[in-house]
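One structure below.
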Amino acid sequence: MPYAVMRHLRRTLLLSQQIRVESTMTNLTQEEYVFRPPIAQWSKVIKDAEKIVGYPTSFMNLRWLLSDEFANLAMHLRKIVGSNHPIMKTAKTVLYNEHNNLQPWGLIILLLSKAVAPPSSLHASNVAEQQRMLAELTEMIRTGNYIHRGLLNIPPEKRDVAMDSLYANKIAILIGDYLLVTANGMLASLKNQDLSYLISTALRDISEGEFFGPRDEQNMPLPSKPKDNVVDNFRISCETVPLDVNDVLGSPVREWTLRTLYNGGTLFGRGCQGAMYLADRSVEEQKKAFLFGCHLCLAWQAASELHKFTNTKEPYSLVSAPALFGLQRLPHLYETVNVKNVSVVDYESLKEELLETDAVERTKLLYSENADKARCYADLFGDNEAVRTIKRMIKNI
């Protein structure tokens with residue numbers, strides 16, 4: 001029954017792509033953390049990586065997509081097809097898992113685990129199973145959080161005429177909660193207090209990120225007012241204390257870095273760190289793995305935002321790196337984005353003006369700096385096929 005439901009849902013979602021619903025919602029862009037690699041070689045790199053770990057990462061989604069619990073939710077999800085609610089976009093991404101939408105968090109964690117795997121033994125098999133579960137639950141937390149972030153803030157006076165959106169919000173809450181609860185159940189089943197603590201600090205960061213920086217009435221992120229003479233660097237701490245928010249707003253690099261870390265950067269970092277912990281590696285190696293994950297996430301995010309800003313017609317985020325860099329150069333444009341609802345912003349006109357600055361070049365530099373750091377940290381885990389594949393993935397962003 002679950003498989004039949006999912007197969008029918010996929011067909012229904014495919015048909016929904018032909019439906020055009022007029023709505024200002026299409027301009028509402030969250031700080032999306034969906035990596036879209038812009039090059040054709042990505043598919044081959046992913047396939048090579050999956051051969052190394054011996055585990056197709058698409059199975060990570062299938063395990064919970066084909067469950068009885070999710071089948072019940074899928075039946076309700078069918079009722080909002082064509083509503084243009086963000087949950088539909090997320091569902092398509094999760095169900096189809098196309099390579100151009102793939103963000104291989106779990107795959108990277110599995111590759112890192114393979115790079116430091118001990119010789120084959122019963123203990124090594126148990127460790128590998130625990131690392132696989134860690135990779136899966138990290139993906140679940142990321143997806144559950146992404147779904148929750150697509151909720152719409154519907155004013156009370158409009159709720160009588162927005163019943164579809166209200167219903168879609170309820171389904172989004174249920175699906176996101178299901179994933180998060182399942183992930184926490186998997187984490188608890190590992191019966192490892194230290195690992196649970198690591199992941200819980202990432203969950204704290206995700207929660208705190210929802211209250212960071214200015215927001216519009218839909219809770220969409222808004223850039224802060226640019227400042228002069230800012231210090232544009234952000235030191236990522238390996239400690240499990242809350243992220244440092246001092247002197248961040250108004251500084252493009254610091255604000256962007258903190259937002260990205262809040263939006264899942266530390267979650268990926270803790271996933272990589274947890275893989276090292278399960279492999280009984282030293283504390284120093286665990287910290288290096290955390291920094292590797294954070295910088296790789298930052299590099300991916302910069303590459304994704306750069307691609308969106310320069311090569312596509314998709315709406316971009318007002319707190320993306322190119323936007324923040326451009327606003328610093330043209331501070332008079334700040335008033336055009338300091339709005340109650342981001343749907344009123346003229347994105348195309350704003351982009352044209354921002355492209356006149358050095359925003360694109362500075363974003364490219366931001367990507368290069370973080371990609372180089374990620375490669376350097378990857379080198380610390382040996383010269384083996386898994387590490388070389390990770391470096392190929394970084395190179396082919």
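Scheme for the structure tokens: letters A, B, ... for chains in order shown; per-chain residue numbers from 1; ligand numbers from 1 in order shown.
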DSSP on the backbone, then: every residue of segment 83-332 of chain A marked helix (DSSP H, G or I), written as an NGL selection string.
:A and (86-96 or 99-101 or 105-115 or 122-148 or 156-161 or 163-189 or 193-209 or 252-278 or 283-311 or 321-329 or 331-332)
Counting only C-alpha atoms, figure out which residue out of A:Gly54, A:Pro223, A:Gly269, A:Pro214 gets nearest to Ser237 of chain A.
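Closest residue, counting only C-alpha atoms: A:Gly269.
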Write out as a ChimeraX atom specification which residues come within 8 Å of Thr201 of chain A when counting only C-alpha atoms, dropping same-chain ones fewer than 5 positions away.
/A:240-242
Please provide the set of residues having any atom within 7 Å of segment 137-153 of chain A, restricted to only C-alpha atoms, with same-chain residues fewer than 4 positions apart removed, written as a VMD selection string.
chain A and resid 86 to 87 90 105 to 106 133 169 172 to 173 176 to 177 179 to 180 183 186 218 264 271
Restricting the output to N, CA and C atoms, write the selected residues as an mmCIF file, in the first residue's frame.
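Dumped everything to out_18.cif:
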```
data_model
loop_
_atom_site.group_PDB
_atom_site.id
_atom_site.type_symbol
_atom_site.label_atom_id
_atom_site.label_comp_id
_atom_site.auth_asym_id
_atom_site.auth_seq_id
_atom_site.Cartn_x
_atom_site.Cartn_y
_atom_site.Cartn_z
ATOM 1 N N PRO A 86 4.448 26.333 -0.615
ATOM 2 C CA PRO A 86 5.845 25.874 -0.660
ATOM 3 C C PRO A 86 6.033 24.398 -0.368
ATOM 4 N N ILE A 87 5.105 23.774 0.349
ATOM 5 C CA ILE A 87 5.237 22.358 0.669
ATOM 6 C C ILE A 87 5.252 21.517 -0.600
ATOM 7 N N THR A 90 8.764 21.526 -2.063
ATOM 8 C CA THR A 90 9.622 20.672 -1.253
ATOM 9 C C THR A 90 9.328 19.198 -1.512
ATOM 10 N N TRP A 105 24.344 15.607 1.637
ATOM 11 C CA TRP A 105 24.874 15.617 2.995
ATOM 12 C C TRP A 105 25.205 14.205 3.469
ATOM 13 N N GLY A 106 24.210 13.336 3.369
ATOM 14 C CA GLY A 106 24.431 11.974 3.837
ATOM 15 C C GLY A 106 25.558 11.284 3.106
ATOM 16 N N MET A 133 23.270 5.316 9.935
ATOM 17 C CA MET A 133 22.102 5.862 10.620
ATOM 18 C C MET A 133 22.291 7.351 10.890
ATOM 19 N N ASN A 169 -0.511 24.283 5.528
ATOM 20 C CA ASN A 169 0.358 24.535 6.679
ATOM 21 C C ASN A 169 0.299 23.380 7.675
ATOM 22 N N ALA A 172 2.193 20.474 6.303
ATOM 23 C CA ALA A 172 3.630 20.739 6.375
ATOM 24 C C ALA A 172 4.148 20.532 7.791
ATOM 25 N N ILE A 173 3.370 20.971 8.778
ATOM 26 C CA ILE A 173 3.762 20.773 10.182
ATOM 27 C C ILE A 173 3.835 19.292 10.504
ATOM 28 N N GLY A 176 6.864 17.647 8.595
ATOM 29 C CA GLY A 176 8.127 18.059 9.216
ATOM 30 C C GLY A 176 8.308 17.430 10.582
ATOM 31 N N ASP A 177 7.223 17.405 11.378
ATOM 32 C CA ASP A 177 7.295 16.795 12.708
ATOM 33 C C ASP A 177 7.601 15.303 12.613
ATOM 34 N N LEU A 179 9.285 13.726 10.314
ATOM 35 C CA LEU A 179 10.701 13.525 9.997
ATOM 36 C C LEU A 179 11.586 13.800 11.205
ATOM 37 N N LEU A 180 11.305 14.884 11.912
ATOM 38 C CA LEU A 180 12.133 15.238 13.059
ATOM 39 C C LEU A 180 11.999 14.203 14.177
ATOM 40 N N ALA A 183 13.870 11.108 13.104
ATOM 41 C CA ALA A 183 15.312 11.324 13.232
ATOM 42 C C ALA A 183 15.752 11.232 14.688
ATOM 43 N N MET A 186 15.830 7.651 15.769
ATOM 44 C CA MET A 186 17.029 6.970 15.288
ATOM 45 C C MET A 186 18.241 7.361 16.131
ATOM 46 N N GLN A 218 5.823 37.873 6.835
ATOM 47 C CA GLN A 218 5.729 36.454 6.521
ATOM 48 C C GLN A 218 6.873 35.667 7.146
ATOM 49 N N GLY A 264 21.689 25.293 8.797
ATOM 50 C CA GLY A 264 22.051 23.897 8.591
ATOM 51 C C GLY A 264 23.541 23.654 8.519
ATOM 52 N N GLY A 271 27.284 16.456 11.901
ATOM 53 C CA GLY A 271 27.160 15.132 11.306
ATOM 54 C C GLY A 271 28.517 14.561 10.936
#
```
Report as a Markdown table the residues of segment 127-242 of chain A within 12 Å of segment 337-344 of chain A, each with its shortest atom pair and distance in Å (one decimal), using only C-alpha atoms, ordered by chain and increasing residue number.
```
| residue | atom | partner | partner_atom | distance |
| --- | --- | --- | --- | --- |
| A:Asn153 | CA | A:Asn341 | CA | 11.0 |
| A:Pro214 | CA | A:Asn338 | CA | 8.9 |
| A:Arg215 | CA | A:Lys340 | CA | 8.2 |
| A:Asp216 | CA | A:Lys340 | CA | 4.9 |
| A:Glu217 | CA | A:Lys340 | CA | 5.7 |
| A:Gln218 | CA | A:Asn341 | CA | 6.7 |
| A:Asn219 | CA | A:Asn341 | CA | 8.8 |
| A:Met220 | CA | A:Val342 | CA | 7.3 |
| A:Pro221 | CA | A:Val342 | CA | 8.7 |
| A:Leu222 | CA | A:Asn338 | CA | 6.8 |
| A:Pro223 | CA | A:Asn338 | CA | 7.6 |
| A:Ser224 | CA | A:Asn338 | CA | 8.3 |
| A:Lys225 | CA | A:Asn338 | CA | 8.5 |
| A:Pro226 | CA | A:Asn338 | CA | 11.6 |
```
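Minimum distance to Pro322 of chain A across A:Thr260, A:Thr336, A:Thr363, A:Thr310 (counting only C-alpha atoms) occurs at A:Thr363.
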Fewer than 3 positions away in the same chain doesn't count, so skip those; otherwise give me all residues within 10 Å of Gln131 of chain A, counting only C-alpha atoms, as a VMD selection string.
chain A and resid 106 109 to 110 112 to 114 125 to 128 134 to 137 190 271 to 272 274 to 279
Given only C-alpha atoms as the basis, pick out the residue of A:Lys308, A:Ala49, A:Asn229, A:Ala162 nearest to Ser83 of chain A.
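So, comparing all the options, the nearest one is A:Ala162.
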Expressed in Å, the length from atom CA of Ser368 of chain A to atom CA of Ala202 of chain A is 25.1 Å
Neighbours of Asp164 of chain A within 9 Å (only C-alpha atoms; same-chain residues fewer than 6 positions away dropped), as a ChimeraX atom specification?
/A:79-80,83,85
Residues near segment 346-351 of chain A, anyone? I mean within 12 Å using only C-alpha atoms, not counting same-chain ones fewer than 2 positions away, as a VMD selection string.
chain A and resid 24 26 to 29 308 to 318 320 322 to 327 330 332 to 337 339 341 to 344 353 to 357 359 to 360
Pull N, CA and C atoms from the residues just selected and write them as a tab-separated table (two decimals), in the first residue's frame.
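Heads up, here's the output in again-v9.tsv:
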```tsv
chain	number	residue	atom	x	y	z
A	24	THR	N	1.36	35.87	-5.25
A	24	THR	CA	2.60	36.59	-4.92
A	24	THR	C	3.57	35.68	-4.18
A	26	THR	N	5.19	33.27	-5.16
A	26	THR	CA	6.33	32.85	-5.96
A	26	THR	C	7.54	33.74	-5.76
A	27	ASN	N	7.34	34.91	-5.20
A	27	ASN	CA	8.46	35.81	-4.94
A	27	ASN	C	8.98	35.70	-3.53
A	28	LEU	N	8.34	34.87	-2.72
A	28	LEU	CA	8.78	34.72	-1.34
A	28	LEU	C	9.88	33.67	-1.29
A	29	THR	N	11.08	34.11	-1.02
A	29	THR	CA	12.22	33.20	-1.07
A	29	THR	C	12.86	33.09	0.30
A	308	LYS	N	22.20	31.19	-8.88
A	308	LYS	CA	20.85	31.72	-8.91
A	308	LYS	C	20.83	33.19	-9.31
A	309	PHE	N	21.83	33.92	-8.85
A	309	PHE	CA	21.86	35.37	-9.04
A	309	PHE	C	22.27	35.75	-10.46
A	310	THR	N	23.07	34.89	-11.10
A	310	THR	CA	23.64	35.27	-12.40
A	310	THR	C	23.09	34.49	-13.59
A	311	ASN	N	22.59	33.28	-13.37
A	311	ASN	CA	22.25	32.42	-14.51
A	311	ASN	C	20.80	32.02	-14.63
A	312	THR	N	19.96	32.42	-13.71
A	312	THR	CA	18.58	31.96	-13.73
A	312	THR	C	17.61	33.11	-13.55
A	313	LYS	N	16.34	32.81	-13.81
A	313	LYS	CA	15.27	33.78	-13.60
A	313	LYS	C	14.56	33.54	-12.27
A	314	GLU	N	15.06	32.60	-11.49
A	314	GLU	CA	14.43	32.32	-10.21
A	314	GLU	C	14.60	33.51	-9.27
A	315	PRO	N	13.60	33.72	-8.39
A	315	PRO	CA	13.78	34.76	-7.38
A	315	PRO	C	14.90	34.37	-6.43
A	316	TYR	N	15.71	35.33	-6.08
A	316	TYR	CA	16.84	35.09	-5.19
A	316	TYR	C	16.50	35.62	-3.81
A	317	SER	N	17.26	35.19	-2.83
A	317	SER	CA	17.03	35.65	-1.47
A	317	SER	C	17.68	37.02	-1.25
A	318	LEU	N	16.99	37.86	-0.52
A	318	LEU	CA	17.53	39.19	-0.21
A	318	LEU	C	18.69	39.13	0.77
A	320	SER	N	21.01	36.67	0.43
A	320	SER	CA	22.07	35.90	-0.23
A	320	SER	C	23.33	36.74	-0.27
A	322	PRO	N	25.38	37.68	-2.79
A	322	PRO	CA	25.44	38.77	-3.77
A	322	PRO	C	24.60	39.98	-3.37
A	323	ALA	N	23.41	39.72	-2.79
A	323	ALA	CA	22.54	40.82	-2.38
A	323	ALA	C	23.17	41.62	-1.25
A	324	LEU	N	23.74	40.94	-0.27
A	324	LEU	CA	24.35	41.63	0.86
A	324	LEU	C	25.57	42.43	0.42
A	325	PHE	N	26.39	41.85	-0.45
A	325	PHE	CA	27.57	42.57	-0.96
A	325	PHE	C	27.14	43.80	-1.76
A	326	GLY	N	26.12	43.63	-2.61
A	326	GLY	CA	25.67	44.74	-3.43
A	326	GLY	C	25.07	45.87	-2.60
A	327	LEU	N	24.29	45.51	-1.58
A	327	LEU	CA	23.70	46.53	-0.73
A	327	LEU	C	24.75	47.31	0.05
A	330	LEU	N	25.88	49.84	-2.39
A	330	LEU	CA	24.82	50.80	-2.73
A	330	LEU	C	23.84	50.89	-1.56
A	332	HIS	N	21.98	53.09	-0.41
A	332	HIS	CA	20.71	53.80	-0.61
A	332	HIS	C	19.59	52.84	-1.05
A	333	LEU	N	19.96	51.66	-1.55
A	333	LEU	CA	18.96	50.68	-1.96
A	333	LEU	C	18.35	49.94	-0.77
A	334	TYR	N	18.90	50.15	0.40
A	334	TYR	CA	18.40	49.42	1.56
A	334	TYR	C	16.92	49.70	1.81
A	335	GLU	N	16.50	50.92	1.58
A	335	GLU	CA	15.10	51.28	1.83
A	335	GLU	C	14.16	50.51	0.92
A	336	THR	N	14.64	50.08	-0.25
A	336	THR	CA	13.77	49.34	-1.17
A	336	THR	C	13.55	47.89	-0.73
A	337	VAL	N	14.39	47.39	0.16
A	337	VAL	CA	14.24	46.01	0.64
A	337	VAL	C	13.81	45.94	2.09
A	339	VAL	N	11.11	46.19	3.84
A	339	VAL	CA	9.67	46.24	3.59
A	339	VAL	C	8.94	45.31	4.56
A	341	ASN	N	6.63	43.20	3.47
A	341	ASN	CA	6.42	41.94	2.76
A	341	ASN	C	7.34	41.92	1.54
A	342	VAL	N	8.20	40.92	1.47
A	342	VAL	CA	9.21	40.89	0.40
A	342	VAL	C	8.60	40.70	-0.98
A	343	SER	N	7.31	40.33	-1.04
A	343	SER	CA	6.68	40.13	-2.34
A	343	SER	C	6.55	41.43	-3.13
A	344	VAL	N	6.66	42.57	-2.46
A	344	VAL	CA	6.52	43.86	-3.15
A	344	VAL	C	7.84	44.34	-3.74
A	353	GLU	N	20.73	46.62	-10.64
A	353	GLU	CA	21.59	47.61	-9.97
A	353	GLU	C	22.71	46.92	-9.19
A	354	LEU	N	22.39	45.81	-8.54
A	354	LEU	CA	23.40	45.11	-7.74
A	354	LEU	C	24.50	44.52	-8.63
A	355	LEU	N	24.12	44.12	-9.85
A	355	LEU	CA	25.11	43.56	-10.77
A	355	LEU	C	26.11	44.60	-11.25
A	356	GLU	N	25.80	45.86	-11.05
A	356	GLU	CA	26.74	46.92	-11.41
A	356	GLU	C	27.87	47.05	-10.41
A	357	THR	N	27.72	46.42	-9.25
A	357	THR	CA	28.76	46.45	-8.21
A	357	THR	C	29.67	45.24	-8.37
A	359	ALA	N	29.55	42.70	-6.46
A	359	ALA	CA	28.92	41.67	-5.64
A	359	ALA	C	29.22	40.26	-6.14
A	360	VAL	N	29.19	40.06	-7.45
A	360	VAL	CA	29.45	38.73	-8.01
A	360	VAL	C	30.88	38.30	-7.76
```
Atom CA of Ile206 of chain A and atom CA of Tyr262 of chain A, how far apart in Å?
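So the two atoms, atom CA of Tyr262 of chain A and atom CA of Ile206 of chain A, lie 5.1 Å apart.
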